[in-house]
$ cat query.pdb   # PDB, C-alpha atoms
ATOM      1  CA  MET A   1       0.000   0.000   0.000
ATOM      2  CA  LYS A   2       1.404   3.400  -0.985
ATOM      3  CA  LEU A   3       0.892   6.309   1.376
ATOM      4  CA  PRO A   4       1.403   9.985   0.529
ATOM      5  CA  PHE A   5       4.207  11.747   2.422
ATOM      6  CA  ALA A   6       1.766  13.179   4.994
ATOM      7  CA  GLY A   7       0.377   9.726   5.587
ATOM      8  CA  ILE A   8       3.857   8.246   6.062
ATOM      9  CA  PHE A   9       4.721  11.063   8.484
ATOM     10  CA  ALA A  10       1.585  10.430  10.530
ATOM     11  CA  PHE A  11       2.190   6.691  10.467
ATOM     12  CA  LEU A  12       5.708   7.116  11.850
ATOM     13  CA  LEU A  13       4.605   9.525  14.574
ATOM     14  CA  PHE A  14       1.474   7.587  15.516
ATOM     15  CA  PRO A  15       1.788   3.807  15.001
ATOM     16  CA  GLY A  16      -1.980   3.390  15.480
ATOM     17  CA  TYR A  17      -2.753   5.844  12.686
ATOM     18  CA  ALA A  18      -4.682   4.553   9.683
ATOM     19  CA  PRO A  19      -5.910   6.575   6.688
ATOM     20  CA  ALA A  20      -9.652   7.327   6.931
ATOM     21  CA  GLN A  21     -12.082   5.538   4.643
ATOM     22  CA  THR A  22     -12.446   7.432   1.372
ATOM     23  CA  ALA A  23     -15.781   9.262   1.579
ATOM     24  CA  VAL A  24     -17.020   8.973  -1.993
ATOM     25  CA  ILE A  25     -20.695   8.465  -2.833
ATOM     26  CA  LYS A  26     -21.406   6.826  -6.190
ATOM     27  CA  THR A  27     -24.675   6.999  -8.119
ATOM     28  CA  GLU A  28     -25.268   3.289  -7.466
ATOM     29  CA  ASN A  29     -25.197   3.928  -3.692
ATOM     30  CA  ALA A  30     -28.620   5.580  -4.006
ATOM     31  CA  ASP A  31     -30.138   2.081  -4.235
ATOM     32  CA  ALA A  32     -30.663  -0.204  -1.222
ATOM     33  CA  GLY A  33     -28.962  -3.100  -2.975
ATOM     34  CA  LYS A  34     -25.660  -1.239  -3.327
ATOM     35  CA  PRO A  35     -24.991   0.624  -0.083
ATOM     36  CA  VAL A  36     -21.753   2.246   0.994
ATOM     37  CA  ILE A  37     -20.118  -0.152   3.463
ATOM     38  CA  LEU A  38     -19.113   1.794   6.562
ATOM     39  CA  LYS A  39     -15.856   0.434   7.953
ATOM     40  CA  ASP A  40     -15.095   3.308  10.318
ATOM     41  CA  SER A  41     -17.116   5.275  12.844
ATOM     42  CA  VAL A  42     -16.670   8.468  10.804
ATOM     43  CA  PHE A  43     -17.429   8.728   7.089
ATOM     44  CA  GLY A  44     -17.130  12.101   5.389
ATOM     45  CA  PRO A  45     -17.325  14.806   4.419
ATOM     46  CA  THR A  46     -18.806  13.214   1.318
ATOM     47  CA  ASN A  47     -19.677  14.534  -2.078
ATOM     48  CA  ALA A  48     -23.373  15.404  -2.442
ATOM     49  CA  PRO A  49     -25.872  12.591  -3.093
ATOM     50  CA  ASP A  50     -27.498  13.243  -6.468
ATOM     51  CA  GLY A  51     -30.797  11.633  -7.470
ATOM     52  CA  PHE A  52     -32.470   8.383  -6.437
ATOM     53  CA  GLY A  53     -30.380   5.931  -8.445
ATOM     54  CA  ALA A  54     -31.698   3.216 -10.756
ATOM     55  CA  SER A  55     -34.691   2.362  -8.561
ATOM     56  CA  LEU A  56     -37.238   4.757  -7.038
ATOM     57  CA  GLU A  57     -37.797   3.046  -3.691
ATOM     58  CA  PHE A  58     -40.025   5.641  -2.016
ATOM     59  CA  SER A  59     -42.757   7.688  -3.663
ATOM     60  CA  GLY A  60     -46.163   9.107  -2.824
ATOM     61  CA  ASN A  61     -46.147   8.475   0.919
ATOM     62  CA  SER A  62     -48.257  10.696   3.163
ATOM     63  CA  THR A  63     -46.689  13.855   4.558
ATOM     64  CA  THR A  64     -47.912  12.725   7.978
ATOM     65  CA  ASP A  65     -46.230   9.315   7.682
ATOM     66  CA  SER A  66     -43.593   9.099  10.414
ATOM     67  CA  LEU A  67     -41.896   5.948   9.096
ATOM     68  CA  PHE A  68     -41.272   6.683   5.434
ATOM     69  CA  ILE A  69     -40.110   9.737   3.505
ATOM     70  CA  GLU A  70     -42.779  11.120   1.167
ATOM     71  CA  ASP A  71     -40.582  10.892  -1.933
ATOM     72  CA  GLU A  72     -37.010   9.922  -2.619
ATOM     73  CA  HIS A  73     -34.911  12.925  -3.667
ATOM     74  CA  ASN A  74     -31.120  12.748  -3.424
ATOM     75  CA  THR A  75     -30.226   9.643  -1.516
ATOM     76  CA  VAL A  76     -27.417   7.420  -0.331
ATOM     77  CA  TRP A  77     -27.640   4.082   1.484
ATOM     78  CA  TYR A  78     -25.108   3.049   4.121
ATOM     79  CA  LYS A  79     -24.528  -0.395   5.618
ATOM     80  CA  TYR A  80     -22.998  -0.800   9.064
ATOM     81  CA  ILE A  81     -22.391  -3.934  11.142
ATOM     82  CA  ALA A  82     -22.482  -3.315  14.882
ATOM     83  CA  PRO A  83     -19.068  -4.249  16.354
ATOM     84  CA  CYS A  84     -20.462  -4.811  19.865
ATOM     85  CA  ASN A  85     -23.574  -4.651  22.024
ATOM     86  CA  CYS A  86     -24.266  -0.949  22.418
ATOM     87  CA  GLU A  87     -26.796   1.839  22.593
ATOM     88  CA  LEU A  88     -26.306   3.127  19.051
ATOM     89  CA  THR A  89     -26.306   6.851  18.329
ATOM     90  CA  PHE A  90     -25.094   8.811  15.326
ATOM     91  CA  ASP A  91     -24.911  12.283  13.826
ATOM     92  CA  ILE A  92     -25.491  13.275  10.211
ATOM     93  CA  ILE A  93     -23.600  16.543   9.809
ATOM     94  CA  PRO A  94     -24.259  18.545   6.609
ATOM     95  CA  VAL A  95     -21.475  20.529   4.982
ATOM     96  CA  SER A  96     -24.010  23.284   4.245
ATOM     97  CA  LEU A  97     -26.604  24.536   6.722
ATOM     98  CA  GLN A  98     -28.986  24.995   3.782
ATOM     99  CA  ASP A  99     -29.246  21.245   3.159
ATOM    100  CA  ASP A 100     -32.149  19.365   4.741
ATOM    101  CA  TYR A 101     -31.184  15.741   5.395
ATOM    102  CA  ASP A 102     -33.788  13.152   6.423
ATOM    103  CA  PHE A 103     -32.989   9.566   7.367
ATOM    104  CA  MET A 104     -34.480   6.120   7.923
ATOM    105  CA  LEU A 105     -32.594   3.424   9.833
ATOM    106  CA  TYR A 106     -33.287  -0.281   9.274
ATOM    107  CA  ARG A 107     -32.060  -3.366  11.091
ATOM    108  CA  TYR A 108     -32.067  -6.388   8.777
ATOM    109  CA  ASN A 109     -30.175  -9.574   9.581
ATOM    110  CA  GLY A 110     -31.628 -11.613   6.722
ATOM    111  CA  LYS A 111     -30.072 -12.355   3.350
ATOM    112  CA  PRO A 112     -28.444  -9.153   2.024
ATOM    113  CA  SER A 113     -29.685  -9.911  -1.492
ATOM    114  CA  ASP A 114     -33.306  -9.773  -0.266
ATOM    115  CA  PHE A 115     -33.104  -6.423   1.491
ATOM    116  CA  ALA A 116     -33.711  -4.069  -1.450
ATOM    117  CA  ALA A 117     -36.863  -5.876  -2.586
ATOM    118  CA  LYS A 118     -38.263  -5.956   0.948
ATOM    119  CA  VAL A 119     -37.611  -2.240   1.349
ATOM    120  CA  LYS A 120     -39.524  -1.436  -1.813
ATOM    121  CA  THR A 121     -42.534  -3.534  -0.777
ATOM    122  CA  LYS A 122     -42.283  -2.232   2.816
ATOM    123  CA  GLU A 123     -41.996  -5.786   4.094
ATOM    124  CA  VAL A 124     -39.234  -4.450   6.310
ATOM    125  CA  LYS A 125     -39.797  -1.189   8.138
ATOM    126  CA  PRO A 126     -37.367   1.298   9.636
ATOM    127  CA  MET A 127     -36.523   1.113  13.328
ATOM    128  CA  ARG A 128     -35.960   4.865  13.450
ATOM    129  CA  SER A 129     -36.907   7.748  11.113
ATOM    130  CA  CYS A 130     -36.441  11.497  11.277
ATOM    131  CA  ILE A 131     -38.113  13.428   8.451
ATOM    132  CA  SER A 132     -38.474  16.810  10.151
ATOM    133  CA  ARG A 133     -37.325  20.127   8.719
ATOM    134  CA  ASN A 134     -33.679  21.044   9.269
ATOM    135  CA  ASP A 135     -32.913  23.278  12.245
ATOM    136  CA  LYS A 136     -30.135  25.746  11.468
ATOM    137  CA  LYS A 137     -29.726  26.441  15.177
ATOM    138  CA  LEU A 138     -28.398  22.869  15.385
ATOM    139  CA  LYS A 139     -26.295  23.423  12.244
ATOM    140  CA  SER A 140     -28.893  21.321  10.374
ATOM    141  CA  LYS A 141     -27.614  18.144  12.052
ATOM    142  CA  THR A 142     -29.844  15.122  12.624
ATOM    143  CA  GLY A 143     -29.464  11.609  14.013
ATOM    144  CA  LEU A 144     -29.995   9.405  17.062
ATOM    145  CA  ALA A 145     -29.402  10.533  20.646
ATOM    146  CA  LYS A 146     -29.717   9.009  24.107
ATOM    147  CA  ASN A 147     -32.415   9.883  26.631
ATOM    148  CA  LEU A 148     -35.098  10.590  24.023
ATOM    149  CA  GLU A 149     -38.458   8.832  23.904
ATOM    150  CA  ILE A 150     -39.550   9.346  20.295
ATOM    151  CA  ASN A 151     -38.577   6.884  17.543
ATOM    152  CA  TYR A 152     -40.165   8.510  14.479
ATOM    153  CA  ILE A 153     -40.758  12.112  13.366
ATOM    154  CA  HIS A 154     -42.772  13.066  10.261
ATOM    155  CA  GLN A 155     -42.413  16.036   7.910
ATOM    156  CA  GLY A 156     -42.553  19.620   9.102
ATOM    157  CA  VAL A 157     -41.175  21.466  12.087
ATOM    158  CA  GLY A 158     -40.063  19.042  14.784
ATOM    159  CA  PRO A 159     -37.113  17.596  16.709
ATOM    160  CA  SER A 160     -33.960  16.869  14.723
ATOM    161  CA  TYR A 161     -33.036  13.779  16.743
ATOM    162  CA  VAL A 162     -34.860  10.574  17.681
ATOM    163  CA  SER A 163     -34.113   7.916  20.282
ATOM    164  CA  SER A 164     -30.964   5.800  20.344
ATOM    165  CA  LEU A 165     -31.269   2.174  19.188
ATOM    166  CA  PRO A 166     -30.079  -0.791  21.283
ATOM    167  CA  VAL A 167     -28.122  -3.124  19.000
ATOM    168  CA  ASN A 168     -26.237  -6.359  19.431
ATOM    169  CA  ARG A 169     -22.867  -7.322  18.044
ATOM    170  CA  GLY A 170     -23.294  -8.446  14.450
ATOM    171  CA  ASP A 171     -26.569  -6.625  13.830
ATOM    172  CA  VAL A 172     -26.704  -5.364  10.242
ATOM    173  CA  LEU A 173     -27.975  -1.797   9.952
ATOM    174  CA  TYR A 174     -28.969   0.040   6.789
ATOM    175  CA  LEU A 175     -29.174   3.828   6.867
ATOM    176  CA  LEU A 176     -30.923   5.821   4.134
ATOM    177  CA  VAL A 177     -29.909   9.484   4.032
ATOM    178  CA  ASP A 178     -31.950  11.786   1.780
ATOM    179  CA  ASN A 179     -31.282  15.441   0.968
ATOM    180  CA  VAL A 180     -34.506  17.210   0.025
ATOM    181  CA  TYR A 181     -32.616  19.802  -2.023
ATOM    182  CA  LYS A 182     -30.916  19.084  -5.332
ATOM    183  CA  GLY A 183     -27.538  20.652  -5.958
ATOM    184  CA  GLY A 184     -26.645  20.563  -2.286
ATOM    185  CA  LYS A 185     -23.399  19.610  -0.646
ATOM    186  CA  GLY A 186     -22.247  16.517   1.166
ATOM    187  CA  HIS A 187     -22.292  15.411   4.786
ATOM    188  CA  THR A 188     -20.431  13.428   7.429
ATOM    189  CA  VAL A 189     -21.858  10.401   9.226
ATOM    190  CA  HIS A 190     -20.443   9.943  12.734
ATOM    191  CA  ILE A 191     -21.502   6.684  14.406
ATOM    192  CA  HIS A 192     -21.184   6.072  18.139
ATOM    193  CA  CYS A 193     -21.222   2.402  19.194
ATOM    194  CA  LYS A 194     -19.231   1.853  22.368
ATOM    195  CA  ALA A 195     -19.267  -1.389  24.314
ATOM    196  CA  PRO A 196     -20.679  -0.979  27.823
ATOM    197  CA  LYS A 197     -18.327  -1.267  30.773
ATOM    198  CA  PRO A 198     -18.324  -4.559  32.709
ATOM    199  CA  GLY A 199     -21.574  -4.791  34.652
ATOM    200  CA  GLU A 200     -23.115  -1.856  32.769
ATOM    201  CA  MET A 201     -26.477  -2.560  31.144
ATOM    202  CA  PHE A 202     -29.259  -0.647  29.398
ATOM    203  CA  VAL A 203     -32.761  -1.322  28.107
ATOM    204  CA  GLY A 204     -32.376  -3.381  24.942
ATOM    205  CA  PHE A 205     -29.089  -4.884  26.146
ATOM    206  CA  ARG A 206     -28.633  -8.565  25.319
ATOM    207  CA  LEU A 207     -27.343 -10.319  28.421
ATOM    208  CA  ASP A 208     -23.876 -11.684  27.750
ATOM    209  CA  ILE A 209     -24.384 -15.018  29.494
ATOM    210  CA  GLY A 210     -23.867 -17.330  26.535
ATOM    211  CA  THR A 211     -26.385 -18.844  24.147
ATOM    212  CA  ILE A 212     -29.061 -21.294  25.280
ATOM    213  CA  MET A 213     -29.029 -24.156  22.765
ATOM    214  CA  PHE A 214     -31.615 -26.816  21.849
ATOM    215  CA  VAL A 215     -31.917 -30.233  20.253
ATOM    216  CA  PRO A 216     -32.616 -29.724  16.520
ATOM    217  CA  GLU A 217     -36.352 -29.372  15.706
ATOM    218  CA  GLU A 218     -37.269 -29.725  19.394
ATOM    219  CA  ASP A 219     -37.803 -27.563  22.455
ATOM    220  CA  THR A 220     -35.466 -29.749  24.527
ATOM    221  CA  ILE A 221     -32.676 -27.733  26.126
ATOM    222  CA  LEU A 222     -29.178 -29.169  25.670
ATOM    223  CA  LYS A 223     -27.605 -30.193  28.990
ATOM    224  CA  THR A 224     -24.629 -27.942  28.286
ATOM    225  CA  SER A 225     -26.958 -24.924  28.312
ATOM    226  CA  TYR A 226     -28.347 -25.319  31.829
ATOM    227  CA  PRO A 227     -25.386 -23.448  33.379
ATOM    228  CA  VAL A 228     -26.263 -20.557  31.045
ATOM    229  CA  ILE A 229     -29.837 -20.467  32.355
ATOM    230  CA  ASP A 230     -28.511 -20.672  35.915
ATOM    231  CA  SER A 231     -26.467 -17.554  35.139
ATOM    232  CA  LEU A 232     -29.663 -15.834  34.003
ATOM    233  CA  VAL A 233     -31.401 -16.795  37.243
ATOM    234  CA  ALA A 234     -28.467 -15.431  39.242
ATOM    235  CA  ILE A 235     -28.580 -12.103  37.377
ATOM    236  CA  LEU A 236     -32.328 -11.742  37.880
ATOM    237  CA  LYS A 237     -31.914 -12.406  41.589
ATOM    238  CA  ARG A 238     -29.076  -9.897  41.811
ATOM    239  CA  PHE A 239     -31.092  -7.178  40.063
ATOM    240  CA  PRO A 240     -34.636  -7.508  41.467
ATOM    241  CA  ASN A 241     -36.032  -4.612  39.394
ATOM    242  CA  MET A 242     -34.823  -6.014  36.089
ATOM    243  CA  LYS A 243     -37.328  -7.315  33.548
ATOM    244  CA  VAL A 244     -36.381  -9.298  30.456
ATOM    245  CA  GLU A 245     -37.706 -10.686  27.204
ATOM    246  CA  ILE A 246     -36.785 -14.316  26.595
ATOM    247  CA  GLN A 247     -36.449 -14.637  22.817
ATOM    248  CA  GLY A 248     -36.845 -18.001  21.084
ATOM    249  CA  HIS A 249     -35.321 -18.609  17.637
ATOM    250  CA  VAL A 250     -35.428 -21.418  15.072
ATOM    251  CA  ASN A 251     -33.058 -22.539  12.335
ATOM    252  CA  ALA A 252     -35.021 -22.514   9.060
ATOM    253  CA  PRO A 253     -32.785 -21.261   6.233
ATOM    254  CA  THR A 254     -35.172 -22.338   3.455
ATOM    255  CA  ALA A 255     -38.898 -21.874   2.918
ATOM    256  CA  GLU A 256     -39.262 -25.648   2.509
ATOM    257  CA  PHE A 257     -38.017 -26.374   6.026
ATOM    258  CA  LYS A 258     -40.746 -27.592   8.369
ATOM    259  CA  PRO A 259     -40.079 -28.896  11.911
ATOM    260  CA  LYS A 260     -41.519 -32.356  12.587
ATOM    261  CA  LYS A 261     -43.652 -31.486  15.630
ATOM    262  CA  TYR A 262     -44.475 -27.787  15.414
ATOM    263  CA  THR A 263     -44.571 -24.862  13.036
ATOM    264  CA  ILE A 264     -41.495 -22.640  12.977
ATOM    265  CA  GLN A 265     -43.260 -19.957  14.993
ATOM    266  CA  VAL A 266     -44.657 -22.348  17.608
ATOM    267  CA  LEU A 267     -41.269 -24.040  18.036
ATOM    268  CA  SER A 268     -39.607 -20.706  18.748
ATOM    269  CA  GLU A 269     -42.322 -19.864  21.284
ATOM    270  CA  LYS A 270     -41.956 -23.224  23.023
ATOM    271  CA  ARG A 271     -38.208 -22.763  23.318
ATOM    272  CA  ALA A 272     -38.677 -19.389  24.973
ATOM    273  CA  ARG A 273     -41.325 -20.889  27.253
ATOM    274  CA  ARG A 274     -38.960 -23.700  28.321
ATOM    275  CA  VAL A 275     -36.438 -21.171  29.620
ATOM    276  CA  PHE A 276     -39.209 -19.112  31.201
ATOM    277  CA  ASP A 277     -40.555 -22.161  33.077
ATOM    278  CA  TYR A 278     -37.070 -23.088  34.325
ATOM    279  CA  CYS A 279     -36.567 -19.594  35.739
ATOM    280  CA  VAL A 280     -39.996 -19.604  37.411
ATOM    281  CA  ALA A 281     -39.189 -22.965  39.025
ATOM    282  CA  ALA A 282     -35.960 -21.390  40.298
ATOM    283  CA  GLY A 283     -37.934 -18.698  42.114
ATOM    284  CA  ILE A 284     -38.107 -15.826  39.596
ATOM    285  CA  ASP A 285     -41.384 -13.863  39.485
ATOM    286  CA  PRO A 286     -43.049 -14.671  36.122
ATOM    287  CA  LYS A 287     -44.158 -11.031  35.821
ATOM    288  CA  ARG A 288     -40.513 -10.071  35.319
ATOM    289  CA  MET A 289     -40.121 -12.210  32.206
ATOM    290  CA  ARG A 290     -41.835 -12.198  28.827
ATOM    291  CA  PRO A 291     -41.300 -15.280  26.619
ATOM    292  CA  ARG A 292     -41.568 -14.520  22.911
ATOM    293  CA  GLY A 293     -40.936 -16.526  19.759
ATOM    294  CA  TYR A 294     -39.373 -14.953  16.675
ATOM    295  CA  GLY A 295     -39.537 -17.953  14.361
ATOM    296  CA  ASN A 296     -36.693 -17.774  11.849
ATOM    297  CA  SER A 297     -36.851 -13.989  11.396
ATOM    298  CA  ARG A 298     -33.587 -13.328  13.254
ATOM    299  CA  MET A 299     -31.226 -16.112  12.258
ATOM    300  CA  VAL A 300     -27.576 -15.478  13.081
ATOM    301  CA  VAL A 301     -26.596 -17.249   9.842
ATOM    302  CA  PRO A 302     -29.440 -16.671   7.318
ATOM    303  CA  ASP A 303     -28.006 -19.054   4.700
ATOM    304  CA  ALA A 304     -26.901 -21.754   7.156
ATOM    305  CA  LYS A 305     -25.493 -24.878   5.509
ATOM    306  CA  THR A 306     -23.404 -26.580   8.215
ATOM    307  CA  LEU A 307     -24.334 -28.110  11.567
ATOM    308  CA  ALA A 308     -22.313 -25.417  13.336
ATOM    309  CA  ASP A 309     -24.389 -22.728  11.583
ATOM    310  CA  PHE A 310     -27.642 -24.556  12.375
ATOM    311  CA  LYS A 311     -26.765 -24.579  16.085
ATOM    312  CA  LYS A 312     -26.153 -20.827  16.044
ATOM    313  CA  ASN A 313     -29.690 -20.289  14.757
ATOM    314  CA  MET A 314     -31.575 -22.657  17.118
ATOM    315  CA  ARG A 315     -31.241 -20.655  20.306
ATOM    316  CA  VAL A 316     -32.778 -18.515  23.026
ATOM    317  CA  GLU A 317     -31.422 -15.078  23.906
ATOM    318  CA  VAL A 318     -32.360 -12.748  26.758
ATOM    319  CA  VAL A 319     -32.827  -8.988  26.341
ATOM    320  CA  VAL A 320     -33.290  -6.414  29.109
ATOM    321  CA  THR A 321     -36.643  -4.577  28.918
ATOM    322  CA  ARG A 322     -36.472  -2.738  32.240
ATOM    323  CA  LEU A 323     -33.824  -1.899  34.841
TER     324      LEU A 323
END

$ encode --input "query.pdb" --output "structure tokens"
Amino acid sequence: MKLPFAGIFAFLLFPGYAPAQTAVIKTENADAGKPVILKDSVFGPTNAPDGFGASLEFSGNSTTDSLFIEDEHNTVWYKYIAPCNCELTFDIIPVSLQDDYDFMLYRYNGKPSDFAAKVKTKEVKPMRSCISRNDKKLKSKTGLAKNLEINYIHQGVGPSYVSSLPVNRGDVLYLLVDNVYKGGKGHTVHIHCKAPKPGEMFVGFRLDIGTIMFVPEEDTILKTSYPVIDSLVAILKRFPNMKVEIQGHVNAPTAEFKPKKYTIQVLSEKRARRVFDYCVAAGIDPKRMRPRGYGNSRMVVPDAKTLADFKKNMRVEVVVTRL
């Protein structure tokens, strides 16, 4: 790799220095199927997004719709994989205060090749959206911030920031950024995803106790997973105000897959219920736990082909809902 003189100088002075990711937006990045892959926490300043690409993904939505932009103008899609469990926040910082940037943030852990089509049909919906008018007092910035209670903001005068998003390591996030005005300038995306300190938790945090595994196609807990559930019981006893969601998941990488005893959805629910029942028997108040099945909608390995991948998908995870 060749570095310019300034880069060599910085590299010699600061061994940890690495050149920033080149912040170039291409026309193809206006489409959900060809996002800019964010490798760093800061990307920008960019060139200006120009047009909606080869596919018009949003058009004719209501001006009072809080989830979706009314029309696609000058857009760019970004893709970011969460490096750790964190309370995700970010800032979109325009180069020009005159530019009015809106955004929609999706979490989609399915097959990447399916995402664009599901966006267009609205089969997947954004987790956060901010479509309000730019506020020059805030330098026209927008994004996610902590300690807010609103997840979506529609067109017109309104807050420039919406609530942070709890994410888990490996979550795949897609961010659509749209500048209402043509001929504008670029922006910088600054993502904040910092791992919590040991013992630190937040609502939406996935308890790092290990994965609760099951016999394939059954709701029978593997013996090796009982120590994991015992760890959950210990945590719930240590933090008596904590409430959790016990999330059941199934390995079903193809539409043809059908468990022998139950449907995919029922199997995931039964797995969550198994863990719930174990905790209740261990003395945990059932009102503090909510068992829920997610079917195969959140597979760790969407295109699983090996036994190791199958095991990663057939699991139960525990997420904090109250502290």

$ closest_residue --input "query.pdb" --among "A:Gly248, A:Gly184, A:Pro216, A:Pro196" --to "Gly51 (chain A)" --atoms "only C-alpha atoms"
A:Gly184

$ resolve_selection --input "query.pdb" --expression "the PyMOL selection byres ((chain A and resi 273-283) around 9)" --output "compact mmCIF listing (two decimals) with C-alpha atoms, keeping the file's coordinate frame"
# COMPACT_ATOMS: atom_id res chain seq x y z
CA ILE A 212 -29.06 -21.29 25.28
CA ASP A 219 -37.80 -27.56 22.46
CA THR A 220 -35.47 -29.75 24.53
CA ILE A 221 -32.68 -27.73 26.13
CA ILE A 229 -29.84 -20.47 32.35
CA ASP A 230 -28.51 -20.67 35.92
CA LEU A 232 -29.66 -15.83 34.00
CA VAL A 233 -31.40 -16.80 37.24
CA LYS A 237 -31.91 -12.41 41.59
CA ILE A 246 -36.78 -14.32 26.60
CA GLY A 248 -36.84 -18.00 21.08
CA SER A 268 -39.61 -20.71 18.75
CA GLU A 269 -42.32 -19.86 21.28
CA LYS A 270 -41.96 -23.22 23.02
CA ARG A 271 -38.21 -22.76 23.32
CA ALA A 272 -38.68 -19.39 24.97
CA ILE A 284 -38.11 -15.83 39.60
CA ASP A 285 -41.38 -13.86 39.48
CA PRO A 286 -43.05 -14.67 36.12
CA MET A 289 -40.12 -12.21 32.21
CA ARG A 290 -41.84 -12.20 28.83
CA PRO A 291 -41.30 -15.28 26.62
CA ARG A 292 -41.57 -14.52 22.91
CA GLY A 293 -40.94 -16.53 19.76
CA VAL A 316 -32.78 -18.52 23.03

$ residues_around --input "query.pdb" --residues "region 72-84 of chain A" --least-positions-apart "3" --cutoff "8 Å" --atoms "all atoms listed in the file" --output "count of residues only"
40

$ atom_distance --input "query.pdb" --atom1 "CA of Arg315 (chain A)" --atom2 "CA of Phe205 (chain A)"
17.0 Å

$ closest_residue --input "query.pdb" --among "A:Val124, A:Met104, A:Leu97, A:Ala116" --to "Leu138 (chain A)" --atoms "all atoms listed in the file"
A:Leu97

$ resolve_selection --input "query.pdb" --expression "the PyMOL selection byres ((chain A and resi 241) around 8)" --output "VMD selection string"
chain A and resid 239 to 240 242 to 243 322 to 323

$ atom_distance --input "query.pdb" --atom1 "CA of Thr142 (chain A)" --atom2 "CA of Ser55 (chain A)"
25.2 Å

$ atom_distance --input "query.pdb" --atom1 "CA of Val95 (chain A)" --atom2 "CA of Tyr152 (chain A)"
24.2 Å

$ residues_around --input "query.pdb" --residues "Thr89 (chain A)" --least-positions-apart "2" --cutoff "12 Å" --atoms "all atoms listed in the file" --output "NGL selection string"
:A and (41 or 82 or 86-87 or 91-92 or 105 or 128 or 142-148 or 161-167 or 189-194)

$ write_last_selection --input "query.pdb" --atoms "C-alpha atoms" --output "mmCIF file, keeping the file's coordinate frame"
data_model
loop_
_atom_site.group_PDB
_atom_site.id
_atom_site.type_symbol
_atom_site.label_atom_id
_atom_site.label_comp_id
_atom_site.auth_asym_id
_atom_site.auth_seq_id
_atom_site.Cartn_x
_atom_site.Cartn_y
_atom_site.Cartn_z
ATOM 1 C CA SER A 41 -17.116 5.275 12.844
ATOM 2 C CA ALA A 82 -22.482 -3.315 14.882
ATOM 3 C CA CYS A 86 -24.266 -0.949 22.418
ATOM 4 C CA GLU A 87 -26.796 1.839 22.593
ATOM 5 C CA ASP A 91 -24.911 12.283 13.826
ATOM 6 C CA ILE A 92 -25.491 13.275 10.211
ATOM 7 C CA LEU A 105 -32.594 3.424 9.833
ATOM 8 C CA ARG A 128 -35.960 4.865 13.450
ATOM 9 C CA THR A 142 -29.844 15.122 12.624
ATOM 10 C CA GLY A 143 -29.464 11.609 14.013
ATOM 11 C CA LEU A 144 -29.995 9.405 17.062
ATOM 12 C CA ALA A 145 -29.402 10.533 20.646
ATOM 13 C CA LYS A 146 -29.717 9.009 24.107
ATOM 14 C CA ASN A 147 -32.415 9.883 26.631
ATOM 15 C CA LEU A 148 -35.098 10.590 24.023
ATOM 16 C CA TYR A 161 -33.036 13.779 16.743
ATOM 17 C CA VAL A 162 -34.860 10.574 17.681
ATOM 18 C CA SER A 163 -34.113 7.916 20.282
ATOM 19 C CA SER A 164 -30.964 5.800 20.344
ATOM 20 C CA LEU A 165 -31.269 2.174 19.188
ATOM 21 C CA PRO A 166 -30.079 -0.791 21.283
ATOM 22 C CA VAL A 167 -28.122 -3.124 19.000
ATOM 23 C CA VAL A 189 -21.858 10.401 9.226
ATOM 24 C CA HIS A 190 -20.443 9.943 12.734
ATOM 25 C CA ILE A 191 -21.502 6.684 14.406
ATOM 26 C CA HIS A 192 -21.184 6.072 18.139
ATOM 27 C CA CYS A 193 -21.222 2.402 19.194
ATOM 28 C CA LYS A 194 -19.231 1.853 22.368
#

$ closest_residue --input "query.pdb" --among "A:Lys137, A:Lys26, A:Lys111, A:Lys287" --to "Pro302 (chain A)" --atoms "all atoms listed in the file"
A:Lys111

$ resolve_selection --input "query.pdb" --expression "the PyMOL selection byres ((chain A and resi 295) around 9)" --output "list in words"
Gly248, His249, Val250, Asn251, Ala252, Thr263, Ile264, Gln265, Val266, Leu267, Ser268, Glu269, Gly293, Tyr294, Asn296, Ser297, Arg298 and Met299 of chain A

$ write_last_selection --input "query.pdb" --atoms "C-alpha atoms" --output "PDB file, keeping the file's coordinate frame"
ATOM      1  CA  GLY A 248     -36.845 -18.001  21.084  1.00  0.00           C
ATOM      2  CA  HIS A 249     -35.321 -18.609  17.637  1.00  0.00           C
ATOM      3  CA  VAL A 250     -35.428 -21.418  15.072  1.00  0.00           C
ATOM      4  CA  ASN A 251     -33.058 -22.539  12.335  1.00  0.00           C
ATOM      5  CA  ALA A 252     -35.021 -22.514   9.060  1.00  0.00           C
ATOM      6  CA  THR A 263     -44.571 -24.862  13.036  1.00  0.00           C
ATOM      7  CA  ILE A 264     -41.495 -22.640  12.977  1.00  0.00           C
ATOM      8  CA  GLN A 265     -43.260 -19.957  14.993  1.00  0.00           C
ATOM      9  CA  VAL A 266     -44.657 -22.348  17.608  1.00  0.00           C
ATOM     10  CA  LEU A 267     -41.269 -24.040  18.036  1.00  0.00           C
ATOM     11  CA  SER A 268     -39.607 -20.706  18.748  1.00  0.00           C
ATOM     12  CA  GLU A 269     -42.322 -19.864  21.284  1.00  0.00           C
ATOM     13  CA  GLY A 293     -40.936 -16.526  19.759  1.00  0.00           C
ATOM     14  CA  TYR A 294     -39.373 -14.953  16.675  1.00  0.00           C
ATOM     15  CA  ASN A 296     -36.693 -17.774  11.849  1.00  0.00           C
ATOM     16  CA  SER A 297     -36.851 -13.989  11.396  1.00  0.00           C
ATOM     17  CA  ARG A 298     -33.587 -13.328  13.254  1.00  0.00           C
ATOM     18  CA  MET A 299     -31.226 -16.112  12.258  1.00  0.00           C
TER      19      MET A 299
END

$ residues_around --input "query.pdb" --residues "region 62-66 of chain A" --least-positions-apart "2" --cutoff "8 Å" --atoms "all atoms listed in the file" --output "PyMOL selection string"
chain A and resi 60+68-70+129-131+152-155
